[in-house]
Amino acid sequence: MKKVVFVFFAILAFVSIVIYLSLHTPALSAQYGKFDCHLFLAEGNQQPLVVAFGGGSGGNDWERRYLKGKRDSLLANGFAVLAIGYFKTENTPDALDRISLDALADTIFQVAKRNKQIDTSKIILMGGSKGGELVLNLASRYKQFAGVIALSTSHVSLPALTISANTSSWQYKGKEVEYVPAPFKTIVPAIKGNLFDAFSMMLEDTLAVNKARIEVENINGPILILSGKKDEQWPATKMSDEIVKRLQENNFAFTYQHIALDGGHIEPLNQFDTVLYLLNKEFKTE
């Protein structure tokens, strides 16, 4: 009898915590709207600028040593690189939660304008995973960006990476960007570390998905998307196909391509020559 009572109260406590978290909205970080930036300049003038973002692990990936080779290849091809950390860095929020798209765009434009070697008409956004979701959201709202490279991306906005997961990852003009919520049934796979199933469950909510689709047709330049067919984090290839479908339906005026690779979540980084090819084809300054 005591065991039954214990189990009952344990379940009750768990349910109470889940309900509390689902209803409790966390406060915005004191570092809201702040970013850590590191600009790497190539040689010469009129350099196109690649603004590079990492994904859901946080930090400033593109200033780290493990991406130095790819960063150096961009510089060697004449592209300046602006590495931006938007959460989990010294001066940014601890969580990926309601990141300000307005503040981020302002930060990029200020850095570009301060450096006379940069061609401000050729600012290209590049991001992987949640960073891919970010650059699509950003470029679809600001015409000043000349193109997008999205690696292992989503076609919709998804919840903040917080315990409660009940806010948007992004904020625009003081309002949360519409996102696909995480239903209670995602708790079990999430706890087990099965993120693919958790995200797949979210995408079953077709009404929420339609509201949260990123308006990629508003992007003012070429789009390159790379995904891994065996992505273990989320259904990147399926989501990337949805981006292409939306571009086709809206008669997108610029070039676009989705390349599905034989590999997992990080496979697009292993195919960086494809990224360099597009950049040189579309943006290289002669």
# chains A, B, ... in the order shown; residues from 1 in each chain; ligands from 1
call {"tool": "residues_around", "arguments": {"residues": "region 272-283 of chain A", "least_positions_apart": "4", "cutoff": "9 Å", "atoms": "only C-alpha atoms", "output": "PDB file with N, CA and C atoms, in the first residue's frame"}}
result
ATOM      1  N   PRO A  48      32.752  40.697 -49.898  1.00  0.00           N
ATOM      2  CA  PRO A  48      31.440  40.206 -49.461  1.00  0.00           C
ATOM      3  C   PRO A  48      31.575  39.685 -48.026  1.00  0.00           C
ATOM      4  N   LYS A  70      37.478  25.830 -42.336  1.00  0.00           N
ATOM      5  CA  LYS A  70      36.391  26.310 -43.195  1.00  0.00           C
ATOM      6  C   LYS A  70      36.352  27.834 -43.203  1.00  0.00           C
ATOM      7  N   SER A  73      39.066  29.004 -45.421  1.00  0.00           N
ATOM      8  CA  SER A  73      38.755  28.817 -46.844  1.00  0.00           C
ATOM      9  C   SER A  73      37.876  29.962 -47.358  1.00  0.00           C
ATOM     10  N   LEU A  74      36.999  30.460 -46.516  1.00  0.00           N
ATOM     11  CA  LEU A  74      36.192  31.621 -46.899  1.00  0.00           C
ATOM     12  C   LEU A  74      37.085  32.847 -47.085  1.00  0.00           C
ATOM     13  N   ASN A  77      39.088  32.858 -50.214  1.00  0.00           N
ATOM     14  CA  ASN A  77      38.283  33.143 -51.408  1.00  0.00           C
ATOM     15  C   ASN A  77      37.794  34.589 -51.449  1.00  0.00           C
ATOM     16  N   PHE A  79      36.184  36.332 -48.944  1.00  0.00           N
ATOM     17  CA  PHE A  79      34.995  36.652 -48.154  1.00  0.00           C
ATOM     18  C   PHE A  79      35.380  36.969 -46.715  1.00  0.00           C
ATOM     19  N   LYS A 122      26.609  43.063 -50.239  1.00  0.00           N
ATOM     20  CA  LYS A 122      26.786  41.611 -50.343  1.00  0.00           C
ATOM     21  C   LYS A 122      26.989  40.998 -48.961  1.00  0.00           C
ATOM     22  N   ILE A 124      25.820  37.987 -46.739  1.00  0.00           N
ATOM     23  CA  ILE A 124      25.201  36.664 -46.875  1.00  0.00           C
ATOM     24  C   ILE A 124      25.119  36.015 -45.500  1.00  0.00           C
ATOM     25  N   ALA A 146      21.740  39.614 -48.793  1.00  0.00           N
ATOM     26  CA  ALA A 146      21.806  39.292 -50.216  1.00  0.00           C
ATOM     27  C   ALA A 146      21.679  37.816 -50.528  1.00  0.00           C
ATOM     28  N   GLY A 147      21.638  36.972 -49.522  1.00  0.00           N
ATOM     29  CA  GLY A 147      21.518  35.548 -49.771  1.00  0.00           C
ATOM     30  C   GLY A 147      21.618  34.750 -48.494  1.00  0.00           C
ATOM     31  N   ILE A 149      22.602  30.716 -46.771  1.00  0.00           N
ATOM     32  CA  ILE A 149      23.059  29.329 -46.802  1.00  0.00           C
ATOM     33  C   ILE A 149      22.568  28.683 -45.514  1.00  0.00           C
ATOM     34  N   PRO A 222      19.838  34.562 -53.541  1.00  0.00           N
ATOM     35  CA  PRO A 222      19.937  33.107 -53.705  1.00  0.00           C
ATOM     36  C   PRO A 222      19.898  32.364 -52.372  1.00  0.00           C
ATOM     37  N   LEU A 224      20.863  28.509 -50.698  1.00  0.00           N
ATOM     38  CA  LEU A 224      21.419  27.162 -50.786  1.00  0.00           C
ATOM     39  C   LEU A 224      21.093  26.430 -49.493  1.00  0.00           C
ATOM     40  N   LEU A 226      21.526  22.627 -47.554  1.00  0.00           N
ATOM     41  CA  LEU A 226      22.123  21.302 -47.498  1.00  0.00           C
ATOM     42  C   LEU A 226      21.536  20.551 -46.317  1.00  0.00           C
ATOM     43  N   PRO A 268      26.416  18.363 -43.837  1.00  0.00           N
ATOM     44  CA  PRO A 268      26.601  19.552 -44.682  1.00  0.00           C
ATOM     45  C   PRO A 268      27.933  20.266 -44.472  1.00  0.00           C
TER      46      PRO A 268
END
call {"tool": "residues_around", "arguments": {"residues": "Ser169 (chain A)", "least_positions_apart": "6", "cutoff": "7 Å", "atoms": "only C-alpha atoms", "output": "list of chain:residue names"}}
result
A:Leu96, A:Asp97, A:Arg98, A:Ile99, A:Leu158, A:Pro159, A:Ala160
call {"tool": "write_last_selection", "arguments": {"atoms": "C-alpha atoms", "output": "PDB file, in the first residue's frame"}}
result
ATOM      1  CA  LEU A  96      18.155  30.225 -26.899  1.00  0.00           C
ATOM      2  CA  ASP A  97      14.971  32.055 -25.994  1.00  0.00           C
ATOM      3  CA  ARG A  98      13.226  34.867 -27.885  1.00  0.00           C
ATOM      4  CA  ILE A  99      16.420  36.042 -29.576  1.00  0.00           C
ATOM      5  CA  LEU A 158      10.340  26.011 -33.194  1.00  0.00           C
ATOM      6  CA  PRO A 159      10.258  26.524 -29.418  1.00  0.00           C
ATOM      7  CA  ALA A 160      12.949  28.119 -27.313  1.00  0.00           C
TER       8      ALA A 160
END
call {"tool": "select_by_dssp", "arguments": {"residues": "region 159-273 of chain A", "states": "helix (DSSP H, G or I)", "output": "PyMOL selection string"}}
result
chain A and resi 184-191+195-202+206-212+216-218+236-249+267-270+272-273
call {"tool": "write_last_selection", "arguments": {"atoms": "N, CA and C atoms", "output": "tab-separated table (two decimals), in the first residue's frame"}}
result
chain	number	residue	atom	x	y	z
A	184	PHE	N	2.87	17.61	-24.83
A	184	PHE	CA	3.33	16.83	-23.68
A	184	PHE	C	3.98	15.51	-24.09
A	185	LYS	N	3.50	14.92	-25.18
A	185	LYS	CA	4.01	13.60	-25.56
A	185	LYS	C	5.47	13.64	-26.01
A	186	THR	N	6.02	14.84	-26.23
A	186	THR	CA	7.43	14.93	-26.61
A	186	THR	C	8.36	14.80	-25.41
A	187	ILE	N	7.79	14.85	-24.21
A	187	ILE	CA	8.63	14.81	-23.00
A	187	ILE	C	9.42	13.50	-22.93
A	188	VAL	N	8.75	12.37	-23.17
A	188	VAL	CA	9.41	11.07	-23.03
A	188	VAL	C	10.58	10.92	-24.01
A	189	PRO	N	10.39	11.13	-25.33
A	189	PRO	CA	11.54	11.01	-26.22
A	189	PRO	C	12.63	12.04	-25.93
A	190	ALA	N	12.22	13.24	-25.50
A	190	ALA	CA	13.21	14.28	-25.19
A	190	ALA	C	14.09	13.86	-24.02
A	191	ILE	N	13.46	13.28	-22.98
A	191	ILE	CA	14.21	12.82	-21.82
A	191	ILE	C	15.17	11.70	-22.21
A	195	LEU	N	15.78	13.19	-29.96
A	195	LEU	CA	15.29	14.47	-30.45
A	195	LEU	C	14.56	14.34	-31.78
A	196	PHE	N	14.99	13.40	-32.61
A	196	PHE	CA	14.35	13.21	-33.91
A	196	PHE	C	12.85	12.92	-33.72
A	197	ASP	N	12.52	12.00	-32.82
A	197	ASP	CA	11.11	11.67	-32.59
A	197	ASP	C	10.36	12.84	-31.97
A	198	ALA	N	11.03	13.56	-31.07
A	198	ALA	CA	10.38	14.70	-30.42
A	198	ALA	C	10.01	15.77	-31.45
A	199	PHE	N	10.94	16.10	-32.33
A	199	PHE	CA	10.65	17.11	-33.35
A	199	PHE	C	9.62	16.60	-34.35
A	200	SER	N	9.69	15.32	-34.68
A	200	SER	CA	8.71	14.75	-35.61
A	200	SER	C	7.30	14.84	-35.03
A	201	MET	N	7.17	14.63	-33.73
A	201	MET	CA	5.87	14.75	-33.07
A	201	MET	C	5.35	16.19	-33.15
A	202	MET	N	6.23	17.15	-32.98
A	202	MET	CA	5.81	18.55	-33.08
A	202	MET	C	5.24	18.85	-34.47
A	206	THR	N	-0.37	20.07	-37.85
A	206	THR	CA	-0.36	20.75	-39.14
A	206	THR	C	-0.85	22.20	-39.07
A	207	LEU	N	-1.79	22.48	-38.17
A	207	LEU	CA	-2.28	23.85	-38.02
A	207	LEU	C	-1.17	24.76	-37.52
A	208	ALA	N	-0.45	24.30	-36.48
A	208	ALA	CA	0.65	25.09	-35.93
A	208	ALA	C	1.78	25.22	-36.95
A	209	VAL	N	2.05	24.15	-37.68
A	209	VAL	CA	3.11	24.18	-38.70
A	209	VAL	C	2.81	25.23	-39.75
A	210	ASN	N	1.57	25.29	-40.21
A	210	ASN	CA	1.21	26.27	-41.24
A	210	ASN	C	1.35	27.70	-40.73
A	211	LYS	N	1.09	27.92	-39.46
A	211	LYS	CA	1.23	29.27	-38.89
A	211	LYS	C	2.69	29.65	-38.68
A	212	ALA	N	3.52	28.63	-38.46
A	212	ALA	CA	4.92	28.89	-38.09
A	212	ALA	C	5.89	28.77	-39.26
A	216	VAL	N	10.03	32.20	-46.53
A	216	VAL	CA	11.30	32.22	-47.27
A	216	VAL	C	11.18	32.91	-48.63
A	217	GLU	N	9.97	33.02	-49.14
A	217	GLU	CA	9.79	33.67	-50.44
A	217	GLU	C	10.14	35.16	-50.39
A	218	ASN	N	10.26	35.71	-49.18
A	218	ASN	CA	10.60	37.12	-49.03
A	218	ASN	C	12.11	37.38	-49.02
A	236	ALA	N	15.63	16.91	-41.20
A	236	ALA	CA	16.11	18.07	-41.94
A	236	ALA	C	15.80	17.99	-43.43
A	237	THR	N	15.95	16.80	-44.03
A	237	THR	CA	15.69	16.69	-45.47
A	237	THR	C	14.22	16.94	-45.79
A	238	LYS	N	13.35	16.37	-44.99
A	238	LYS	CA	11.91	16.58	-45.18
A	238	LYS	C	11.56	18.06	-45.02
A	239	MET	N	12.12	18.70	-44.00
A	239	MET	CA	11.83	20.11	-43.75
A	239	MET	C	12.41	20.99	-44.86
A	240	SER	N	13.59	20.62	-45.35
A	240	SER	CA	14.21	21.39	-46.43
A	240	SER	C	13.40	21.28	-47.72
A	241	ASP	N	12.85	20.10	-47.97
A	241	ASP	CA	11.97	19.93	-49.13
A	241	ASP	C	10.75	20.85	-49.04
A	242	GLU	N	10.28	21.07	-47.83
A	242	GLU	CA	9.14	21.97	-47.63
A	242	GLU	C	9.51	23.41	-47.97
A	243	ILE	N	10.75	23.78	-47.71
A	243	ILE	CA	11.21	25.12	-48.08
A	243	ILE	C	11.19	25.28	-49.59
A	244	VAL	N	11.72	24.29	-50.29
A	244	VAL	CA	11.75	24.33	-51.75
A	244	VAL	C	10.33	24.39	-52.31
A	245	LYS	N	9.44	23.61	-51.74
A	245	LYS	CA	8.05	23.61	-52.19
A	245	LYS	C	7.43	25.00	-52.05
A	246	ARG	N	7.70	25.66	-50.95
A	246	ARG	CA	7.15	27.01	-50.74
A	246	ARG	C	7.75	27.99	-51.75
A	247	LEU	N	9.04	27.88	-52.01
A	247	LEU	CA	9.68	28.75	-52.99
A	247	LEU	C	9.08	28.55	-54.37
A	248	GLN	N	8.83	27.30	-54.73
A	248	GLN	CA	8.24	27.00	-56.04
A	248	GLN	C	6.82	27.57	-56.14
A	249	GLU	N	6.06	27.38	-55.08
A	249	GLU	CA	4.67	27.86	-55.09
A	249	GLU	C	4.59	29.38	-55.20
A	267	GLU	N	26.66	16.46	-41.66
A	267	GLU	CA	27.20	16.16	-42.98
A	267	GLU	C	27.35	17.40	-43.87
A	268	PRO	N	26.42	18.36	-43.84
A	268	PRO	CA	26.60	19.55	-44.68
A	268	PRO	C	27.93	20.27	-44.47
A	269	LEU	N	28.44	20.25	-43.24
A	269	LEU	CA	29.75	20.88	-43.01
A	269	LEU	C	30.87	20.11	-43.69
A	270	ASN	N	30.66	18.81	-43.89
A	270	ASN	CA	31.67	18.00	-44.57
A	270	ASN	C	31.68	18.24	-46.08
A	272	PHE	N	31.66	21.34	-47.58
A	272	PHE	CA	31.78	22.80	-47.59
A	272	PHE	C	32.21	23.33	-48.95
A	273	ASP	N	32.79	22.50	-49.79
A	273	ASP	CA	33.16	22.95	-51.14
A	273	ASP	C	31.93	23.40	-51.92
call {"tool": "residues_around", "arguments": {"residues": "Asp102 (chain A)", "least_positions_apart": "6", "cutoff": "10 Å", "atoms": "only C-alpha atoms", "output": "list in words"}}
result
Gly33, Leu138, Arg141, Tyr142, Trp170, Gln171, Tyr172, Lys173 and Gly174 of chain A
call {"tool": "residues_around", "arguments": {"residues": "Lys116 (chain A)", "least_positions_apart": "4", "cutoff": "12 Å", "atoms": "only C-alpha atoms", "output": "list in words"}}
result
Leu41, Gly44, Asn45, Gln46, Gln47, Pro48, Leu49, Ala80, Gln110, Val111, Ala112 and Thr120 of chain A
call {"tool": "residues_around", "arguments": {"residues": "His265 (chain A)", "least_positions_apart": "2", "cutoff": "8 Å", "atoms": "only C-alpha atoms", "output": "ChimeraX atom specification"}}
result
/A:129,152,227-228,230-233,236,263,267-268
call {"tool": "residues_around", "arguments": {"residues": "Phe254 (chain A)", "least_positions_apart": "2", "cutoff": "9 Å", "atoms": "only C-alpha atoms", "output": "compact mmCIF listing (two decimals) with N, CA and C atoms, in the first residue's frame"}}
result
# COMPACT_ATOMS: atom_id res chain seq x y z
N ILE A 219 12.91 36.33 -49.08
CA ILE A 219 14.36 36.49 -49.05
C ILE A 219 14.82 37.14 -50.36
N ASN A 220 15.75 38.07 -50.24
CA ASN A 220 16.14 38.92 -51.37
C ASN A 220 17.45 38.46 -52.00
N GLY A 221 17.55 37.15 -52.31
CA GLY A 221 18.76 36.65 -52.92
C GLY A 221 18.78 35.14 -53.00
N PRO A 222 19.84 34.56 -53.54
CA PRO A 222 19.94 33.11 -53.70
C PRO A 222 19.90 32.36 -52.37
N ILE A 223 19.40 31.14 -52.42
CA ILE A 223 19.31 30.29 -51.23
C ILE A 223 19.93 28.93 -51.54
N ASN A 251 6.88 31.23 -56.84
CA ASN A 251 7.66 31.69 -57.99
C ASN A 251 8.85 32.55 -57.58
N PHE A 252 9.64 32.00 -56.67
CA PHE A 252 10.80 32.71 -56.11
C PHE A 252 11.70 33.19 -57.25
N TYR A 256 17.76 28.92 -56.24
CA TYR A 256 17.69 28.18 -54.98
C TYR A 256 17.94 26.70 -55.26
call {"tool": "atom_distance", "arguments": {"atom1": "CA of Gly131 (chain A)", "atom2": "CA of Gln117 (chain A)"}}
result
25.8 Å
call {"tool": "select_by_dssp", "arguments": {"residues": "region 22-61 of chain A", "states": "strand (DSSP E or B)", "output": "list of chain:residue names"}}
result
A:Asp36, A:Cys37, A:His38, A:Leu39, A:Phe40, A:Gln47, A:Pro48, A:Leu49, A:Val50, A:Val51, A:Ala52, A:Phe53
call {"tool": "write_last_selection", "arguments": {"atoms": "N, CA and C atoms", "output": "CSV table (one decimal), in the first residue's frame"}}
result
chain,number,residue,atom,x,y,z
A,36,ASP,N,27.8,38.4,-29.2
A,36,ASP,CA,29.3,38.4,-29.2
A,36,ASP,C,29.7,38.2,-30.7
A,37,CYS,N,30.5,39.1,-31.2
A,37,CYS,CA,30.9,39.1,-32.6
A,37,CYS,C,32.4,39.1,-32.7
A,38,HIS,N,32.8,38.4,-33.7
A,38,HIS,CA,34.3,38.3,-34.1
A,38,HIS,C,34.4,38.5,-35.6
A,39,LEU,N,35.0,39.6,-36.1
A,39,LEU,CA,35.1,39.8,-37.5
A,39,LEU,C,36.4,39.4,-38.0
A,40,PHE,N,36.5,38.5,-39.0
A,40,PHE,CA,37.7,38.1,-39.7
A,40,PHE,C,37.7,38.7,-41.1
A,47,GLN,N,35.0,43.4,-49.9
A,47,GLN,CA,34.8,42.0,-49.5
A,47,GLN,C,33.3,41.7,-49.2
A,48,PRO,N,32.8,40.7,-49.9
A,48,PRO,CA,31.4,40.2,-49.5
A,48,PRO,C,31.6,39.7,-48.0
A,49,LEU,N,30.5,39.8,-47.3
A,49,LEU,CA,30.6,39.4,-45.9
A,49,LEU,C,29.7,38.2,-45.6
A,50,VAL,N,30.2,37.1,-45.1
A,50,VAL,CA,29.5,35.9,-44.7
A,50,VAL,C,29.3,36.0,-43.2
A,51,VAL,N,28.0,36.1,-42.7
A,51,VAL,CA,27.7,36.2,-41.3
A,51,VAL,C,27.3,34.8,-40.9
A,52,ALA,N,28.1,34.2,-40.0
A,52,ALA,CA,28.0,32.8,-39.7
A,52,ALA,C,27.5,32.5,-38.3
A,53,PHE,N,26.5,31.6,-38.2
A,53,PHE,CA,25.9,31.2,-36.9
A,53,PHE,C,26.0,29.7,-36.7
call {"tool": "residues_around", "arguments": {"residues": "Pro93 (chain A)", "least_positions_apart": "3", "cutoff": "9 Å", "atoms": "only C-alpha atoms", "output": "VMD selection string"}}
result
chain A and resid 28 to 35 86 to 90 96 to 97 99
